[in-house]
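Heads up, start.cif below (mmCIF, C-alpha atoms):
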data_upload
loop_
_atom_site.label_atom_id
_atom_site.label_comp_id
_atom_site.auth_asym_id
_atom_site.auth_seq_id
_atom_site.Cartn_x
_atom_site.Cartn_y
_atom_site.Cartn_z
CA MET A 3 101.88 74.99 105.72
CA VAL A 4 101.10 78.73 105.69
CA ASN A 5 97.58 79.60 104.56
CA LYS A 6 98.25 83.23 103.65
CA TRP A 7 94.79 84.01 102.25
CA LYS A 8 92.93 82.64 105.28
CA GLY A 9 95.20 84.73 107.51
CA LEU A 10 94.68 87.86 105.40
CA GLY A 11 90.90 87.36 105.39
CA ALA A 12 90.83 87.09 109.20
CA ALA A 13 93.11 90.13 109.53
CA VAL A 14 90.93 92.30 107.26
CA TYR A 15 87.78 91.16 109.09
CA LYS A 16 89.24 92.05 112.53
CA PHE A 17 90.52 95.41 111.30
CA LEU A 18 87.16 96.32 109.76
CA ILE A 19 85.24 95.43 112.93
CA VAL A 20 87.53 97.16 115.46
CA GLY A 21 89.20 99.86 113.38
CA VAL A 22 86.36 101.00 111.10
CA ILE A 23 82.86 99.81 112.10
CA ALA A 24 83.28 100.41 115.88
CA PRO A 25 84.41 104.08 115.54
CA LEU A 26 81.76 104.66 112.84
CA ALA A 27 79.05 103.32 115.19
CA ILE A 28 80.36 105.46 118.07
CA ASP A 29 80.34 108.55 115.82
CA TYR A 30 76.79 107.76 114.69
CA LEU A 31 75.52 107.28 118.27
CA ARG A 32 77.68 110.06 119.78
CA PRO A 33 74.82 112.56 120.45
CA ALA A 34 72.77 109.89 122.25
CA ILE A 35 75.78 108.51 124.20
CA LEU A 36 76.79 112.02 125.33
CA ARG A 37 73.49 112.34 127.21
CA TYR A 38 74.70 109.61 129.57
CA ILE A 39 78.51 109.60 129.58
CA GLY A 40 81.27 111.68 128.07
CA LEU A 41 83.47 110.59 125.21
CA PRO A 42 86.94 111.67 124.05
CA PRO A 43 87.11 113.62 120.76
CA SER A 44 86.12 111.65 117.67
CA GLN A 45 89.62 111.86 116.14
CA GLU A 46 91.19 110.35 119.29
CA ILE A 47 88.74 107.43 119.21
CA TRP A 48 89.50 106.82 115.51
CA ILE A 49 93.27 106.76 116.15
CA ILE A 50 93.12 104.49 119.21
CA LEU A 51 90.60 102.05 117.71
CA GLY A 52 92.64 102.11 114.47
CA VAL A 53 95.75 101.05 116.41
CA PHE A 54 93.78 98.32 118.20
CA GLY A 55 92.38 97.26 114.81
CA VAL A 56 95.91 96.82 113.42
CA LEU A 57 97.03 94.85 116.50
CA PHE A 58 93.97 92.59 116.31
CA ALA A 59 94.58 92.13 112.56
CA VAL A 60 98.24 91.11 113.03
CA THR A 61 97.44 88.58 115.75
CA ALA A 62 94.44 87.26 113.75
CA PHE A 63 96.77 86.74 110.75
CA PHE A 64 99.15 84.56 112.75
CA GLN A 65 96.31 82.61 114.34
CA ASN A 66 94.68 81.83 111.00
CA ALA A 67 97.57 81.63 108.56
CA TYR A 68 99.41 79.03 110.65
CA VAL A 69 98.32 75.65 111.88
CA LYS A 70 97.58 74.91 115.53
CA GLY A 71 100.82 73.78 117.15
CA ASP A 72 103.07 76.05 115.04
CA PHE A 73 105.01 78.68 116.96
CA PRO A 74 103.68 81.65 114.86
CA TRP A 75 100.14 80.40 115.71
CA LEU A 76 101.15 80.40 119.40
CA PHE A 77 102.48 83.95 118.99
CA GLY A 78 99.17 84.99 117.42
CA LYS A 79 97.18 83.42 120.24
CA LEU A 80 99.32 84.95 123.02
CA GLY A 81 99.37 88.32 121.27
CA GLY A 82 95.61 88.18 120.67
CA GLY A 83 94.99 87.63 124.39
CA ALA A 84 97.29 90.52 125.33
CA VAL A 85 95.62 92.84 122.80
CA THR A 86 92.14 91.83 124.05
CA LEU A 87 93.24 92.56 127.62
CA ALA A 88 94.58 96.00 126.64
CA PHE A 89 91.46 96.73 124.57
CA TYR A 90 89.03 96.07 127.41
CA ALA A 91 91.24 97.86 129.94
CA TYR A 92 91.06 100.91 127.63
CA LEU A 93 87.31 100.52 127.21
CA PHE A 94 86.46 100.18 130.91
CA LEU A 95 89.25 102.01 132.73
CA VAL A 96 90.72 104.66 130.46
CA LEU A 97 87.74 105.65 128.29
CA PRO A 98 85.42 106.72 131.17
CA GLY A 99 88.39 108.51 132.78
CA THR A 100 88.77 110.71 129.71
CA SER A 101 85.11 111.72 129.80
CA SER A 102 84.93 115.41 129.16
CA ILE A 103 81.25 115.88 130.03
CA ALA A 104 80.70 118.05 133.11
CA GLY A 105 79.84 116.09 136.23
CA SER A 106 79.73 112.68 134.64
CA ASP A 107 81.34 110.03 136.81
CA GLY A 108 81.03 107.68 133.88
CA PHE A 109 81.24 103.97 133.87
CA GLN A 110 82.59 101.79 136.70
CA GLY A 111 83.21 98.33 135.32
CA ALA A 112 85.75 96.81 137.73
CA GLY A 113 83.66 93.65 138.21
CA LEU A 114 83.21 93.22 134.49
CA LEU A 115 86.90 93.83 133.85
CA ALA A 116 87.81 91.23 136.51
CA LEU A 117 85.58 88.75 134.70
CA ILE A 118 87.32 89.60 131.40
CA TYR A 119 90.72 88.99 133.05
CA VAL A 120 89.43 85.61 134.27
CA SER A 121 88.31 84.76 130.73
CA ILE A 122 91.71 85.74 129.29
CA GLY A 123 93.42 83.64 132.00
CA LEU A 124 91.20 80.70 131.03
CA SER A 125 91.94 81.25 127.34
CA TYR A 126 95.70 81.15 128.07
CA LEU A 127 95.28 77.96 130.10
CA HIS A 128 93.25 76.45 127.26
CA LEU A 129 95.89 77.61 124.80
CA PHE A 130 98.64 75.91 126.81
CA LEU A 131 96.67 72.64 127.00
CA ASP A 132 95.64 72.87 123.34
CA PHE A 133 99.20 73.52 122.20
CA ALA A 134 100.51 70.59 124.26
CA ASP A 135 97.72 68.37 122.89
CA ALA A 136 98.38 69.45 119.28
CA ARG A 137 102.12 68.79 119.55
CA ARG A 138 101.52 65.40 121.19
CA SER A 139 99.05 64.45 118.46
CA ARG A 140 101.55 65.60 115.84
CA GLN A 141 104.33 63.51 117.42
CA ARG A 142 102.03 60.49 117.56
CA GLY A 143 101.05 61.06 113.92
CA ALA A 144 104.70 61.25 112.89
CA ALA A 145 105.50 58.07 114.85
CA GLY A 146 102.61 56.24 113.17
CA ASN A 147 103.45 57.51 109.66
CA PRO A 148 104.72 54.67 107.46
CA SER A 149 107.26 56.97 105.80
CA ASN A 150 109.04 57.25 109.17
CA VAL A 151 109.32 53.50 109.57
CA THR A 152 112.74 52.17 108.71
CA PRO A 153 112.34 49.31 106.24
CA SER A 154 113.38 45.99 107.64
CA LYS A 155 116.16 44.27 105.90
CA MET P 9 90.06 60.31 126.19
CA ASN P 10 93.27 61.32 127.93
CA ARG P 11 93.43 63.68 130.91
CA LEU P 12 95.04 66.46 128.89
CA ARG P 13 92.12 66.54 126.49
CA VAL P 14 89.51 66.36 129.30
CA GLY P 15 91.21 69.32 131.04
CA LYS P 16 91.32 71.20 127.74
CA TYR P 17 87.58 70.81 127.16
CA ALA P 18 86.75 71.67 130.80
CA VAL P 19 88.73 74.91 130.54
CA LYS P 20 87.15 75.69 127.17
CA THR P 21 83.66 75.18 128.67
CA ALA P 22 84.47 77.48 131.62
CA TYR P 23 85.82 80.07 129.16
CA ILE P 24 82.61 79.95 127.08
CA VAL P 25 80.42 80.28 130.22
CA VAL P 26 82.41 83.31 131.43
CA TRP P 27 82.12 84.93 127.99
CA ILE P 28 78.35 84.33 127.90
CA VAL P 29 78.08 86.18 131.26
CA ILE P 30 80.31 89.03 130.00
CA THR P 31 78.39 89.34 126.73
CA ALA P 32 75.04 89.34 128.53
CA ALA P 33 76.24 91.99 131.03
CA ILE P 34 77.37 94.24 128.16
CA ALA P 35 74.37 93.52 125.94
CA GLY P 36 71.76 94.39 128.62
CA PRO P 37 72.35 98.16 128.78
CA LEU P 38 73.35 98.28 125.11
CA LEU P 39 70.03 96.77 124.00
CA GLY P 40 68.19 98.92 126.53
CA PHE P 41 69.82 101.95 124.92
CA LEU P 42 69.29 100.90 121.29
CA THR P 43 65.90 99.12 121.17
CA PRO P 44 63.76 102.10 122.33
CA ARG P 45 65.23 104.03 119.39
CA ILE P 46 64.75 101.23 116.87
CA SER P 47 61.45 99.72 118.04
CA PRO P 48 59.76 101.52 120.98
CA GLN P 49 57.01 98.88 121.11
CA SER P 50 59.35 95.98 121.82
CA VAL P 51 62.02 97.15 124.23
CA VAL P 52 64.66 94.64 125.35
CA GLY P 53 67.48 95.15 127.86
CA PHE P 54 67.89 97.51 130.77
CA GLY P 55 67.33 101.25 130.81
CA VAL P 56 65.77 104.30 132.37
CA ASP P 57 63.44 106.70 130.61
CA ILE P 58 65.03 109.96 131.72
CA GLN P 59 62.93 111.90 129.19
CA LYS P 60 60.02 111.59 131.64
CA ILE P 61 61.77 113.67 134.35
CA GLY P 62 61.67 117.06 132.58
CA PRO P 63 57.88 117.37 131.96
CA GLN P 64 57.06 116.30 135.55
CA LEU P 65 59.40 118.93 137.01
CA THR P 66 58.03 121.58 134.65
CA LYS P 67 54.55 120.77 135.92
CA VAL P 68 55.68 121.09 139.58
CA PHE P 69 57.34 124.46 139.04
CA SER P 70 54.62 125.86 136.77
CA ASP P 71 52.34 126.60 139.73
CA SER P 72 54.11 128.52 142.51
CA SER P 73 51.09 128.25 144.83
CA THR P 74 51.52 124.46 145.18
CA LEU P 75 55.30 124.39 145.52
CA THR P 76 55.26 123.65 149.26
CA GLN P 77 52.92 120.71 148.82
CA PRO P 78 54.25 117.13 148.63
CA HIS P 79 55.28 116.10 145.12
CA GLN P 80 56.76 113.05 143.55
CA ILE P 81 58.51 112.22 140.32
CA ASN P 82 58.16 108.79 138.75
CA ILE P 83 60.97 107.59 136.53
CA PRO P 84 60.21 104.46 134.48
CA VAL P 85 62.91 101.79 134.78
CA TYR P 86 62.74 98.72 132.58
CA ASN P 87 64.75 95.55 132.97
CA TRP P 88 63.78 93.09 130.27
CA TRP P 89 66.99 91.19 130.81
CA ILE P 90 68.40 88.17 132.65
CA PHE P 91 70.24 89.96 135.47
CA PRO P 92 68.79 91.79 138.50
CA ALA P 93 69.15 95.54 138.12
CA SER P 94 69.29 98.55 140.41
CA ALA P 95 68.72 102.26 139.91
CA SER P 96 68.98 105.17 142.31
CA PHE P 97 68.29 108.84 141.85
CA THR P 98 68.91 112.05 143.80
CA LEU P 99 67.20 115.25 142.75
CA LYS P 100 68.81 118.64 143.32
CA ILE P 101 67.23 122.07 142.99
CA ILE P 102 69.76 124.74 142.16
CA ALA P 103 69.22 128.51 142.47
CA ASN P 104 71.85 130.73 140.83
CA GLY P 105 74.29 127.81 140.79
CA ILE P 106 73.85 126.93 144.49
CA VAL P 107 72.12 123.70 145.56
CA VAL P 108 69.26 124.81 147.83
CA TYR P 109 67.47 121.49 148.08
CA GLN P 110 68.41 117.85 147.64
CA THR P 111 66.18 114.82 148.04
CA PRO P 112 67.36 111.69 149.85
CA THR P 113 68.51 109.05 147.36
CA SER P 114 65.61 106.98 146.08
CA SER P 115 66.48 103.45 145.03
CA LEU P 116 64.80 100.71 143.10
CA SER P 117 65.84 97.07 142.76
CA LEU P 118 64.42 94.98 139.99
CA GLY P 119 64.63 91.25 139.44
CA ALA P 120 65.25 89.71 136.05
CA PHE P 121 62.54 90.58 133.51
CA GLN P 122 60.85 93.12 135.79
CA SER P 123 60.02 96.75 135.27
CA GLY P 124 59.05 99.45 137.71
CA LYS P 125 59.07 103.10 138.61
CA LEU P 126 61.72 104.90 140.59
CA THR P 127 59.68 107.21 142.83
CA VAL P 128 61.36 110.37 144.07
CA PRO P 129 59.17 112.11 146.68
CA PHE P 130 59.98 115.66 147.74
CA GLN P 131 58.45 118.59 149.58
CA LEU P 132 59.96 122.04 149.47
CA SER P 133 59.79 124.03 152.71
CA GLN P 134 58.73 127.67 152.74
CA SER P 135 62.34 128.74 153.37
CA VAL P 136 63.52 126.84 150.28
CA VAL P 137 60.73 128.36 148.17
CA SER P 138 61.70 131.83 149.37
CA GLN P 139 65.30 131.14 148.31
CA LEU P 140 64.04 130.31 144.81
CA SER P 141 62.08 133.48 144.19
CA GLY P 142 63.60 135.75 141.56
CA LYS P 143 66.53 133.45 140.92
CA ASN P 144 67.62 131.36 137.97
CA ILE P 145 66.40 127.88 138.91
CA THR P 146 67.87 124.74 137.41
CA VAL P 147 67.25 121.14 138.34
CA GLY P 148 70.04 118.62 138.61
CA GLY P 149 70.49 115.14 139.83
CA SER P 150 72.54 112.02 140.09
CA LEU P 151 71.42 108.77 138.52
CA VAL P 152 73.23 105.51 139.29
CA LEU P 153 72.44 102.39 137.27
CA GLY P 154 73.72 98.83 137.44
CA ASP P 155 72.70 95.55 135.80
CA PRO P 156 74.04 93.68 137.72
CA SER P 157 75.62 96.34 139.95
CA TYR P 158 78.46 94.05 141.10
CA LEU P 159 79.68 93.92 137.50
CA TRP P 160 79.14 97.53 136.41
CA THR P 161 77.55 100.82 137.42
CA LEU P 162 76.91 103.92 135.40
CA THR P 163 76.69 107.25 137.20
CA VAL P 164 75.20 110.20 135.40
CA ASN P 165 75.35 113.59 137.10
CA PHE P 166 73.51 116.51 135.55
CA PRO P 167 73.42 119.32 134.61
#

What do you get writing this file as structure tokens?
Amino acid sequence: MVNKWKGLGAAVYKFLIVGVIAPLAIDYLRPAILRYIGLPPSQEIWIILGVFGVLFAVTAFFQNAYVKGDFPWLFGKLGGGAVTLAFYAYLFLVLPGTSSIAGSDGFQGAGLLALIYVSIGLSYLHLFLDFADARRSRQRGAAGNPSNVTPSK
Amino acid sequence: MNRLRVGKYAVKTAYIVVWIVITAAIAGPLLGFLTPRISPQSVVGFGVDIQKIGPQLTKVFSDSSTLTQPHQINIPVYNWWIFPASASFTLKIIANGIVVYQTPTSSLSLGAFQSGKLTVPFQLSQSVVSQLSGKNITVGGSLVLGDPSYLWTLTVNFP
């Protein structure tokens, strides 16, 4: 059964965190951050984080509106992992590369990014096992449901 | 419990452990950046007090008669965090846009929940001092930070 309101709530929450609060915080701390590393223009950050916010919201909707074991839920989980991967790749690889401050070599987070890739790999493996477990439990539940039992003559 | 479920929980546990490490590695410098601004008395995380560099250099260059004497700059580095940290600094003296003097890189390694000072010793020779006279002098440097450095490093070059 689709729980539309739970999905919408999760989507709005994700969008607010990534698409609104994160760029607002960066704008607020921009003068202090610029003393250490460069940042792209504020408008660019708003657009990119806004797009990530929408992607996170869509995948959060599918993960929360559908029940574990449903294919839309699986789509939400797979999509969520892919969006997370792209988000951190942008944060650690692309963002320091766009630093406009003179002389700043910025942030080198290859080790951290590798760890994030490992975590996403683990989350996909868990997802696969969880999905298989949920479907097996569902099949067992259906087999044990009295309504599925053919009445004996 | 079946093997599928055991595997599922083992993977979930590994995932949580990896995320705790990631979160801690990101939170260290973030807290070190934010807490001195929010509550200077109770600093948490990892950071360097680069504000202390300017006044020390001003003091060195304020008296031209002592310029050739040995000097040193102390940069406070705090690591109130769970990972070991490292910091290194190279000081450059620039006259009319040309680097006339550069110190060897000074490094400092700190264990978890340790603080210290990154000491940058330098002594300007008479020939360097003569190159500075009557020129526009600026001071630059390169600061490299990591906590832990195998996960991330931040390099700040200035000016």

Distance table requested - chain A against chain P, cut-off 9 Å, all atoms listed in the file: one row per qualifying residue with the closest atom pair and its distance in Å to one decimal, ordered by chain and rising residue number, as JSON lines.
{"residue": "A:Ala34", "atom": "CA", "partner": "P:Phe41", "partner_atom": "CA", "distance": 8.9}
{"residue": "A:Ile35", "atom": "CA", "partner": "P:Phe41", "partner_atom": "CA", "distance": 8.9}
{"residue": "A:Arg37", "atom": "CA", "partner": "P:Val164", "partner_atom": "CA", "distance": 8.6}
{"residue": "A:Tyr38", "atom": "CA", "partner": "P:Val164", "partner_atom": "CA", "distance": 5.9}
{"residue": "A:Ile39", "atom": "CA", "partner": "P:Val164", "partner_atom": "CA", "distance": 6.7}
{"residue": "A:Ala104", "atom": "CA", "partner": "P:Pro167", "partner_atom": "CA", "distance": 7.5}
{"residue": "A:Gly105", "atom": "CA", "partner": "P:Asn165", "partner_atom": "CA", "distance": 5.2}
{"residue": "A:Ser106", "atom": "CA", "partner": "P:Asn165", "partner_atom": "CA", "distance": 5.1}
{"residue": "A:Asp107", "atom": "CA", "partner": "P:Thr163", "partner_atom": "CA", "distance": 5.4}
{"residue": "A:Gly108", "atom": "CA", "partner": "P:Thr163", "partner_atom": "CA", "distance": 5.5}
{"residue": "A:Phe109", "atom": "CA", "partner": "P:Leu162", "partner_atom": "CA", "distance": 4.6}
{"residue": "A:Gln110", "atom": "CA", "partner": "P:Thr161", "partner_atom": "CA", "distance": 5.2}
{"residue": "A:Gly111", "atom": "CA", "partner": "P:Trp160", "partner_atom": "CA", "distance": 4.3}
{"residue": "A:Ala112", "atom": "CA", "partner": "P:Leu159", "partner_atom": "CA", "distance": 6.7}
{"residue": "A:Gly113", "atom": "CA", "partner": "P:Leu159", "partner_atom": "CA", "distance": 4.1}
{"residue": "A:Leu114", "atom": "CA", "partner": "P:Leu159", "partner_atom": "CA", "distance": 4.7}
{"residue": "A:Leu115", "atom": "CA", "partner": "P:Leu159", "partner_atom": "CA", "distance": 8.1}
{"residue": "A:Ala116", "atom": "CA", "partner": "P:Leu159", "partner_atom": "CA", "distance": 8.6}
{"residue": "A:Leu117", "atom": "CA", "partner": "P:Ile30", "partner_atom": "CA", "distance": 7.1}
{"residue": "A:Ile118", "atom": "CA", "partner": "P:Ile30", "partner_atom": "CA", "distance": 7.2}
{"residue": "A:Val120", "atom": "CA", "partner": "P:Val26", "partner_atom": "CA", "distance": 7.9}
{"residue": "A:Ser121", "atom": "CA", "partner": "P:Tyr23", "partner_atom": "CA", "distance": 5.5}
{"residue": "A:Ile122", "atom": "CA", "partner": "P:Tyr23", "partner_atom": "CA", "distance": 8.2}
{"residue": "A:Gly123", "atom": "CA", "partner": "P:Tyr23", "partner_atom": "CA", "distance": 8.9}
{"residue": "A:Leu124", "atom": "CA", "partner": "P:Tyr23", "partner_atom": "CA", "distance": 5.7}
{"residue": "A:Ser125", "atom": "CA", "partner": "P:Tyr23", "partner_atom": "CA", "distance": 6.5}
{"residue": "A:Leu127", "atom": "CA", "partner": "P:Val19", "partner_atom": "CA", "distance": 7.2}
{"residue": "A:His128", "atom": "CA", "partner": "P:Lys16", "partner_atom": "CA", "distance": 5.6}
{"residue": "A:Leu129", "atom": "CA", "partner": "P:Lys16", "partner_atom": "CA", "distance": 8.4}
{"residue": "A:Phe130", "atom": "CA", "partner": "P:Lys16", "partner_atom": "CA", "distance": 8.8}
{"residue": "A:Leu131", "atom": "CA", "partner": "P:Lys16", "partner_atom": "CA", "distance": 5.6}
{"residue": "A:Asp132", "atom": "CA", "partner": "P:Lys16", "partner_atom": "CA", "distance": 6.4}
{"residue": "A:Ala134", "atom": "CA", "partner": "P:Leu12", "partner_atom": "CA", "distance": 8.3}
{"residue": "A:Asp135", "atom": "CA", "partner": "P:Leu12", "partner_atom": "CA", "distance": 6.8}

Do you know which residues the PyMOL selection byres ((chain A and resi 49-52) around 12) returns on this file, as a PDB file with C-alpha atoms, in the coordinates of the input?
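Heads up, here's the output in part-v3.pdb:
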ATOM      1  CA  LYS A  16      89.240  92.050 112.530  1.00  0.00           C
ATOM      2  CA  PHE A  17      90.520  95.410 111.300  1.00  0.00           C
ATOM      3  CA  LEU A  18      87.160  96.320 109.760  1.00  0.00           C
ATOM      4  CA  ILE A  19      85.240  95.430 112.930  1.00  0.00           C
ATOM      5  CA  VAL A  20      87.530  97.160 115.460  1.00  0.00           C
ATOM      6  CA  GLY A  21      89.200  99.860 113.380  1.00  0.00           C
ATOM      7  CA  VAL A  22      86.360 101.000 111.100  1.00  0.00           C
ATOM      8  CA  ILE A  23      82.860  99.810 112.100  1.00  0.00           C
ATOM      9  CA  ALA A  24      83.280 100.410 115.880  1.00  0.00           C
ATOM     10  CA  PRO A  25      84.410 104.080 115.540  1.00  0.00           C
ATOM     11  CA  LEU A  26      81.760 104.660 112.840  1.00  0.00           C
ATOM     12  CA  ALA A  27      79.050 103.320 115.190  1.00  0.00           C
ATOM     13  CA  ILE A  28      80.360 105.460 118.070  1.00  0.00           C
ATOM     14  CA  PRO A  42      86.940 111.670 124.050  1.00  0.00           C
ATOM     15  CA  PRO A  43      87.110 113.620 120.760  1.00  0.00           C
ATOM     16  CA  SER A  44      86.120 111.650 117.670  1.00  0.00           C
ATOM     17  CA  GLN A  45      89.620 111.860 116.140  1.00  0.00           C
ATOM     18  CA  GLU A  46      91.190 110.350 119.290  1.00  0.00           C
ATOM     19  CA  ILE A  47      88.740 107.430 119.210  1.00  0.00           C
ATOM     20  CA  TRP A  48      89.500 106.820 115.510  1.00  0.00           C
ATOM     21  CA  VAL A  53      95.750 101.050 116.410  1.00  0.00           C
ATOM     22  CA  PHE A  54      93.780  98.320 118.200  1.00  0.00           C
ATOM     23  CA  GLY A  55      92.380  97.260 114.810  1.00  0.00           C
ATOM     24  CA  VAL A  56      95.910  96.820 113.420  1.00  0.00           C
ATOM     25  CA  LEU A  57      97.030  94.850 116.500  1.00  0.00           C
ATOM     26  CA  PHE A  58      93.970  92.590 116.310  1.00  0.00           C
ATOM     27  CA  ALA A  59      94.580  92.130 112.560  1.00  0.00           C
ATOM     28  CA  VAL A  85      95.620  92.840 122.800  1.00  0.00           C
ATOM     29  CA  ALA A  88      94.580  96.000 126.640  1.00  0.00           C
ATOM     30  CA  PHE A  89      91.460  96.730 124.570  1.00  0.00           C
ATOM     31  CA  TYR A  90      89.030  96.070 127.410  1.00  0.00           C
ATOM     32  CA  TYR A  92      91.060 100.910 127.630  1.00  0.00           C
ATOM     33  CA  LEU A  93      87.310 100.520 127.210  1.00  0.00           C
ATOM     34  CA  VAL A  96      90.720 104.660 130.460  1.00  0.00           C
ATOM     35  CA  LEU A  97      87.740 105.650 128.290  1.00  0.00           C
TER      36      LEU A  97
END

Using all atoms listed in the file, which residues sit within 7 Å of A:Gln65 once same-chain residues fewer than 3 positions away are excluded, as a VMD selection string?
-> chain A and resid 61 to 62 68 75 78 to 79

Near-stretch 106-121 of chain P list (9 Å; only C-alpha atoms; drop same-chain fewer than 2 positions) as a count of residues only | 37

Just how far from atom CA of P:Thr66 is atom CA of P:Gln80, in Å to one decimal?
->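 If I compute the distance from atom CA of P:Gln80 to atom CA of P:Thr66, I get 12.4 Å.
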
Find the distance between atom CA of P:Val147 and atom CA of P:Ile61 and write it in Å to one decimal.
->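 Computing it gives 10.1 Å between the two atoms.
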
Straight-line distance linking atom CA of A:Thr86 with atom CA of A:Val60, stated in Å to one decimal |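 Distance between the two atoms: 12.6 Å.
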
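Closest approach to P:Pro63 among P:Ile46, P:Ile28, P:Leu75, P:Ile83: P:Ile83, based on all atoms listed in the file.
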
Residue nearest P:Val51 among P:Gln64, P:Ser138, P:Gly36, P:Ser133 (counting all atoms listed in the file) |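 For P:Val51, the nearest of the given residues is P:Gly36.
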
Shortest interatomic distance to P:Gln59 - which of P:Pro84, P:Pro78, P:Gly40, P:Gly142, counting only C-alpha atoms =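 Between P:Pro84, P:Pro78, P:Gly40, P:Gly142, the residue approaching P:Gln59 most closely is P:Pro84.
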
Since the input is missing atoms, can you rebuild N, CA and C atoms for stretch 24-44 of chain P and write them as a short mmCIF file (atom, residue, chain, number, x, y, z; two decimals), in the frame of the given file?
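Below is the file out.cif, written as the result:
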data_model
loop_
_atom_site.label_atom_id
_atom_site.label_comp_id
_atom_site.auth_asym_id
_atom_site.auth_seq_id
_atom_site.Cartn_x
_atom_site.Cartn_y
_atom_site.Cartn_z
N ILE P 24 83.84 79.59 127.81
CA ILE P 24 82.61 79.95 127.08
C ILE P 24 81.55 80.48 128.05
N VAL P 25 81.41 79.84 129.23
CA VAL P 25 80.42 80.28 130.22
C VAL P 25 80.74 81.71 130.68
N VAL P 26 82.01 81.96 130.97
CA VAL P 26 82.41 83.31 131.43
C VAL P 26 82.11 84.34 130.34
N TRP P 27 82.38 83.98 129.08
CA TRP P 27 82.12 84.93 127.99
C TRP P 27 80.62 85.17 127.76
N ILE P 28 79.81 84.13 128.02
CA ILE P 28 78.35 84.33 127.90
C ILE P 28 77.90 85.35 128.95
N VAL P 29 78.44 85.23 130.19
CA VAL P 29 78.08 86.18 131.26
C VAL P 29 78.54 87.59 130.88
N ILE P 30 79.77 87.71 130.38
CA ILE P 30 80.31 89.03 130.00
C ILE P 30 79.45 89.64 128.89
N THR P 31 79.17 88.84 127.87
CA THR P 31 78.39 89.34 126.73
C THR P 31 77.00 89.79 127.18
N ALA P 32 76.38 88.98 128.06
CA ALA P 32 75.04 89.34 128.53
C ALA P 32 75.08 90.62 129.37
N ALA P 33 76.13 90.78 130.18
CA ALA P 33 76.24 91.99 131.03
C ALA P 33 76.44 93.24 130.18
N ILE P 34 77.16 93.09 129.05
CA ILE P 34 77.37 94.24 128.16
C ILE P 34 76.13 94.49 127.30
N ALA P 35 75.50 93.39 126.86
CA ALA P 35 74.37 93.52 125.94
C ALA P 35 73.14 94.13 126.60
N GLY P 36 72.95 93.90 127.91
CA GLY P 36 71.76 94.39 128.62
C GLY P 36 71.56 95.90 128.46
N PRO P 37 72.51 96.71 128.93
CA PRO P 37 72.35 98.16 128.78
C PRO P 37 72.42 98.63 127.33
N LEU P 38 73.22 97.89 126.52
CA LEU P 38 73.35 98.28 125.11
C LEU P 38 72.01 98.12 124.38
N LEU P 39 71.35 96.99 124.62
CA LEU P 39 70.03 96.77 124.00
C LEU P 39 69.00 97.73 124.58
N GLY P 40 69.11 97.98 125.89
CA GLY P 40 68.19 98.92 126.53
C GLY P 40 68.35 100.33 125.99
N PHE P 41 69.54 100.63 125.51
CA PHE P 41 69.82 101.95 124.92
C PHE P 41 69.36 102.00 123.46
N LEU P 42 69.57 100.89 122.73
CA LEU P 42 69.29 100.90 121.29
C LEU P 42 67.83 100.57 120.94
N THR P 43 67.24 99.57 121.60
CA THR P 43 65.90 99.12 121.17
C THR P 43 64.81 100.18 121.30
N PRO P 44 64.82 101.07 122.33
CA PRO P 44 63.76 102.10 122.33
C PRO P 44 63.85 103.03 121.12
#
